[in-house]
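Before any comments, here is the structure.
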Amino acid sequence: MTVPIPIEQADLEFDNGTFDSAAFAANALSCWQALAGVIDHTLLEPDATRSQVERLCDEAIRYRFACAMVNPVWASTAVGVLSGTGIPVGAVIGFPFGASLVSTLRQEAAALIRLGARELDMVIPIGQLKSGNHQAVHHTIHAAVTVAHHHGALLKVILETSLLSMEEKLRGAEIAIQAEADFIKTSTGFRGGATPADVALMRGVAGGRCGVKASGGIHTLAGVKALLEAGANRIGASASVAIVRELGAE
């Protein structure tokens, strides 16, 4: 597979298959408000409580994060807290193993969108990818994408890069893009995390065709900076508040 090299461009938007990572990173790091706008404030621990989810949402409102990302069981709670604030709720599907039936993914996606979720993060069918069953991988992703896009929601596809070979990362990224994913994403955070090398690889495949989300093990402003400069345009983190405070938020 040939990996395209991103070409420098003047603006920060996706355009004709190119993406200016340096310009995007500089803009995102220009102030804490800009940085907050590219962070998915995340709470996906299995033992998360209602009060923790409500606090997550309150923090998302205060700092204006890109979205509040929660497990499906807490989607309605998050929607209730965030209603009318302009902060979208994100939820995960097929999480964290990427081993759900296609019919289950469709139903889960539709149910979450009915509850008010506007962004969905799904795990690629990892075993199918590693088995070389690329048609099944494409079918699975496209089924979820179709439901999401029909209702105006975004879909991000988690590759779980720590479990993949170089070829599998390249192939998985390309399949997700061909299946019309809005973002390709590094990790669930439960099996390793994001690295600048993986983000650069994924941006090399994506160019400007879709977003790249880095998630997993991101705890500091320096870590965020490295991932943005490598090509990420969305960050998923549970340490979001600490990160924006490093840049001056109170």
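So you can find residues: chains in the structure tokens are A, B, ... in the order shown, residues in each start at 1, and ligands are numbered from 1 in order.
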Extract the full set of strand (DSSP E or B) residues from range 8-200 of chain A according to DSSP on the backbone, and format it as a PyMOL selection string.
chain A and resi 15+18+39-43+67-70+89-93+119-123+154-158+183-185
Contact residues around Ala148 in chain A with only C-alpha atoms at 12 Å, ignoring same-chain residues under 5 positions, as a ChimeraX atom specification:
/A:90-91,93,105-114,116-122,141-143,153-156,180-182
With a distance cut-off of 9 Å and only C-alpha atoms, select the neighbouring residues of range 123-126 of chain A, excluding the residue or stretch itself and same-chain residues fewer than 2 positions from it, and output the selection as an NGL selection string.
:A and (92-100 or 121 or 128-131 or 136-137 or 140-141 or 156-160 or 163-164 or 172 or 176 or 185 or 187-188)
Please produce an output containing C-alpha atoms for each residue in the selection, written as a PDB file, in the first residue's frame.
```pdb
ATOM      1  CA  VAL A  92     -18.814   4.128  22.361  1.00  0.00           C
ATOM      2  CA  ILE A  93     -20.172   1.103  20.501  1.00  0.00           C
ATOM      3  CA  GLY A  94     -18.672  -2.338  20.033  1.00  0.00           C
ATOM      4  CA  PHE A  95     -16.411  -1.352  22.906  1.00  0.00           C
ATOM      5  CA  PRO A  96     -13.749  -2.275  23.892  1.00  0.00           C
ATOM      6  CA  PHE A  97     -13.168  -5.492  21.923  1.00  0.00           C
ATOM      7  CA  GLY A  98     -14.556  -4.858  18.439  1.00  0.00           C
ATOM      8  CA  ALA A  99     -16.259  -8.245  18.514  1.00  0.00           C
ATOM      9  CA  SER A 100     -19.943  -7.324  18.250  1.00  0.00           C
ATOM     10  CA  ASP A 121     -16.669   5.809  18.594  1.00  0.00           C
ATOM     11  CA  GLN A 128     -11.516  -9.978  11.289  1.00  0.00           C
ATOM     12  CA  LEU A 129      -8.806  -7.510  10.308  1.00  0.00           C
ATOM     13  CA  LYS A 130      -6.057  -9.770  11.609  1.00  0.00           C
ATOM     14  CA  SER A 131      -7.677 -12.708   9.789  1.00  0.00           C
ATOM     15  CA  ALA A 136     -16.145  -8.128   6.593  1.00  0.00           C
ATOM     16  CA  VAL A 137     -14.250  -5.253   8.202  1.00  0.00           C
ATOM     17  CA  THR A 140     -19.073  -3.799   9.669  1.00  0.00           C
ATOM     18  CA  ILE A 141     -17.799  -0.236   9.660  1.00  0.00           C
ATOM     19  CA  LYS A 156     -14.940   7.412  14.643  1.00  0.00           C
ATOM     20  CA  VAL A 157     -13.251   4.050  14.111  1.00  0.00           C
ATOM     21  CA  ILE A 158     -10.772   2.808  16.726  1.00  0.00           C
ATOM     22  CA  LEU A 159      -7.969   0.698  15.245  1.00  0.00           C
ATOM     23  CA  GLU A 160      -6.462  -0.410  18.588  1.00  0.00           C
ATOM     24  CA  LEU A 163      -2.600  -5.019  18.690  1.00  0.00           C
ATOM     25  CA  LEU A 164      -1.796  -4.483  15.010  1.00  0.00           C
ATOM     26  CA  GLY A 172      -7.320  -0.949   8.770  1.00  0.00           C
ATOM     27  CA  ALA A 176     -12.175   2.642   7.630  1.00  0.00           C
ATOM     28  CA  LYS A 185      -8.661   6.677  16.050  1.00  0.00           C
ATOM     29  CA  SER A 187      -6.856   3.257  20.804  1.00  0.00           C
ATOM     30  CA  THR A 188      -9.514   2.376  23.356  1.00  0.00           C
TER      31      THR A 188
END
```
Contacts of Pro88 in chain A at 10 Å or less, counting only C-alpha atoms, minus same-chain residues fewer than 4 places along, as a short mmCIF file (atom, residue, chain, number, x, y, z; two decimals) with all heavy atoms, in the first residue's frame?
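Output below, filename out.cif:
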```
data_model
loop_
_atom_site.label_atom_id
_atom_site.label_comp_id
_atom_site.auth_asym_id
_atom_site.auth_seq_id
_atom_site.Cartn_x
_atom_site.Cartn_y
_atom_site.Cartn_z
N ASP A 40 -11.93 15.47 23.30
CA ASP A 40 -13.10 14.73 23.76
C ASP A 40 -12.86 14.39 25.23
O ASP A 40 -11.98 13.58 25.56
CB ASP A 40 -13.28 13.43 22.97
CG ASP A 40 -13.72 13.65 21.54
OD1 ASP A 40 -14.01 14.80 21.16
OD2 ASP A 40 -13.77 12.66 20.79
N CYS A 57 -19.58 16.03 32.67
CA CYS A 57 -20.39 16.92 31.85
C CYS A 57 -20.27 18.37 32.31
O CYS A 57 -20.19 19.29 31.48
CB CYS A 57 -21.84 16.46 31.88
SG CYS A 57 -22.13 14.86 31.09
N ALA A 60 -17.12 19.60 30.99
CA ALA A 60 -17.22 19.83 29.55
C ALA A 60 -17.88 21.17 29.26
O ALA A 60 -17.49 21.89 28.33
CB ALA A 60 -18.01 18.69 28.89
N PHE A 65 -15.23 21.64 26.04
CA PHE A 65 -14.56 20.56 25.31
C PHE A 65 -15.36 20.18 24.08
O PHE A 65 -16.55 20.51 23.95
CB PHE A 65 -14.37 19.36 26.23
CG PHE A 65 -13.35 19.57 27.32
CD1 PHE A 65 -13.70 19.51 28.66
CD2 PHE A 65 -12.03 19.84 27.00
CE1 PHE A 65 -12.76 19.71 29.67
CE2 PHE A 65 -11.07 20.05 27.99
CZ PHE A 65 -11.45 19.99 29.33
N ALA A 66 -14.70 19.46 23.16
CA ALA A 66 -15.35 19.10 21.90
C ALA A 66 -16.58 18.24 22.13
O ALA A 66 -17.59 18.38 21.44
CB ALA A 66 -14.36 18.36 21.00
N CYS A 67 -16.51 17.33 23.08
CA CYS A 67 -17.67 16.54 23.47
C CYS A 67 -17.39 15.87 24.80
O CYS A 67 -16.26 15.89 25.30
CB CYS A 67 -18.04 15.50 22.40
SG CYS A 67 -17.05 14.00 22.42
N ALA A 68 -18.43 15.30 25.40
CA ALA A 68 -18.29 14.47 26.58
C ALA A 68 -18.51 13.03 26.14
O ALA A 68 -19.59 12.70 25.63
CB ALA A 68 -19.30 14.86 27.66
N MET A 69 -17.49 12.19 26.31
CA MET A 69 -17.53 10.81 25.79
C MET A 69 -17.77 9.84 26.94
O MET A 69 -16.98 9.79 27.89
CB MET A 69 -16.21 10.51 25.08
CG MET A 69 -16.10 9.12 24.47
SD MET A 69 -17.27 8.80 23.14
CE MET A 69 -16.82 10.09 21.98
N ALA A 78 -25.84 11.96 30.40
CA ALA A 78 -25.02 13.02 29.83
C ALA A 78 -25.85 13.96 28.95
O ALA A 78 -25.68 15.19 29.00
CB ALA A 78 -23.88 12.41 29.02
N VAL A 79 -26.75 13.40 28.18
CA VAL A 79 -27.61 14.23 27.33
C VAL A 79 -28.45 15.17 28.20
O VAL A 79 -28.63 16.35 27.87
CB VAL A 79 -28.51 13.34 26.45
CG1 VAL A 79 -29.59 14.17 25.77
CG2 VAL A 79 -27.68 12.62 25.39
N LEU A 82 -26.20 18.00 29.50
CA LEU A 82 -25.64 18.86 28.47
C LEU A 82 -26.69 19.49 27.55
O LEU A 82 -26.34 20.29 26.68
CB LEU A 82 -24.64 18.07 27.61
CG LEU A 82 -23.36 17.65 28.35
CD1 LEU A 82 -22.53 16.69 27.50
CD2 LEU A 82 -22.54 18.87 28.75
N SER A 83 -27.94 19.16 27.75
CA SER A 83 -29.00 19.70 26.90
C SER A 83 -28.98 21.23 26.89
O SER A 83 -28.94 21.87 27.94
CB SER A 83 -30.36 19.21 27.40
OG SER A 83 -31.41 19.75 26.62
N GLY A 84 -28.95 21.81 25.69
CA GLY A 84 -28.98 23.25 25.54
C GLY A 84 -27.65 23.95 25.71
O GLY A 84 -27.59 25.17 25.58
N GLY A 116 -29.83 10.81 22.05
CA GLY A 116 -29.26 12.14 21.89
C GLY A 116 -27.77 12.19 21.65
O GLY A 116 -27.20 13.29 21.53
N ALA A 117 -27.09 11.05 21.57
CA ALA A 117 -25.65 11.05 21.26
C ALA A 117 -25.44 11.56 19.84
O ALA A 117 -26.18 11.20 18.93
CB ALA A 117 -25.07 9.65 21.42
N ARG A 118 -24.39 12.37 19.66
CA ARG A 118 -24.12 12.93 18.34
C ARG A 118 -22.80 12.46 17.76
O ARG A 118 -22.49 12.73 16.60
CB ARG A 118 -24.10 14.47 18.40
CG ARG A 118 -25.34 15.10 18.98
CD ARG A 118 -26.62 14.55 18.40
NE ARG A 118 -26.70 14.73 16.96
CZ ARG A 118 -27.49 14.00 16.16
NH1 ARG A 118 -28.24 13.04 16.66
NH2 ARG A 118 -27.50 14.23 14.87
N GLU A 119 -21.98 11.78 18.57
CA GLU A 119 -20.73 11.22 18.09
C GLU A 119 -20.60 9.80 18.62
O GLU A 119 -20.87 9.56 19.81
CB GLU A 119 -19.53 12.08 18.54
CG GLU A 119 -19.61 13.51 18.04
CD GLU A 119 -18.30 14.28 18.21
OE1 GLU A 119 -17.27 13.66 18.55
OE2 GLU A 119 -18.32 15.51 17.97
#
```
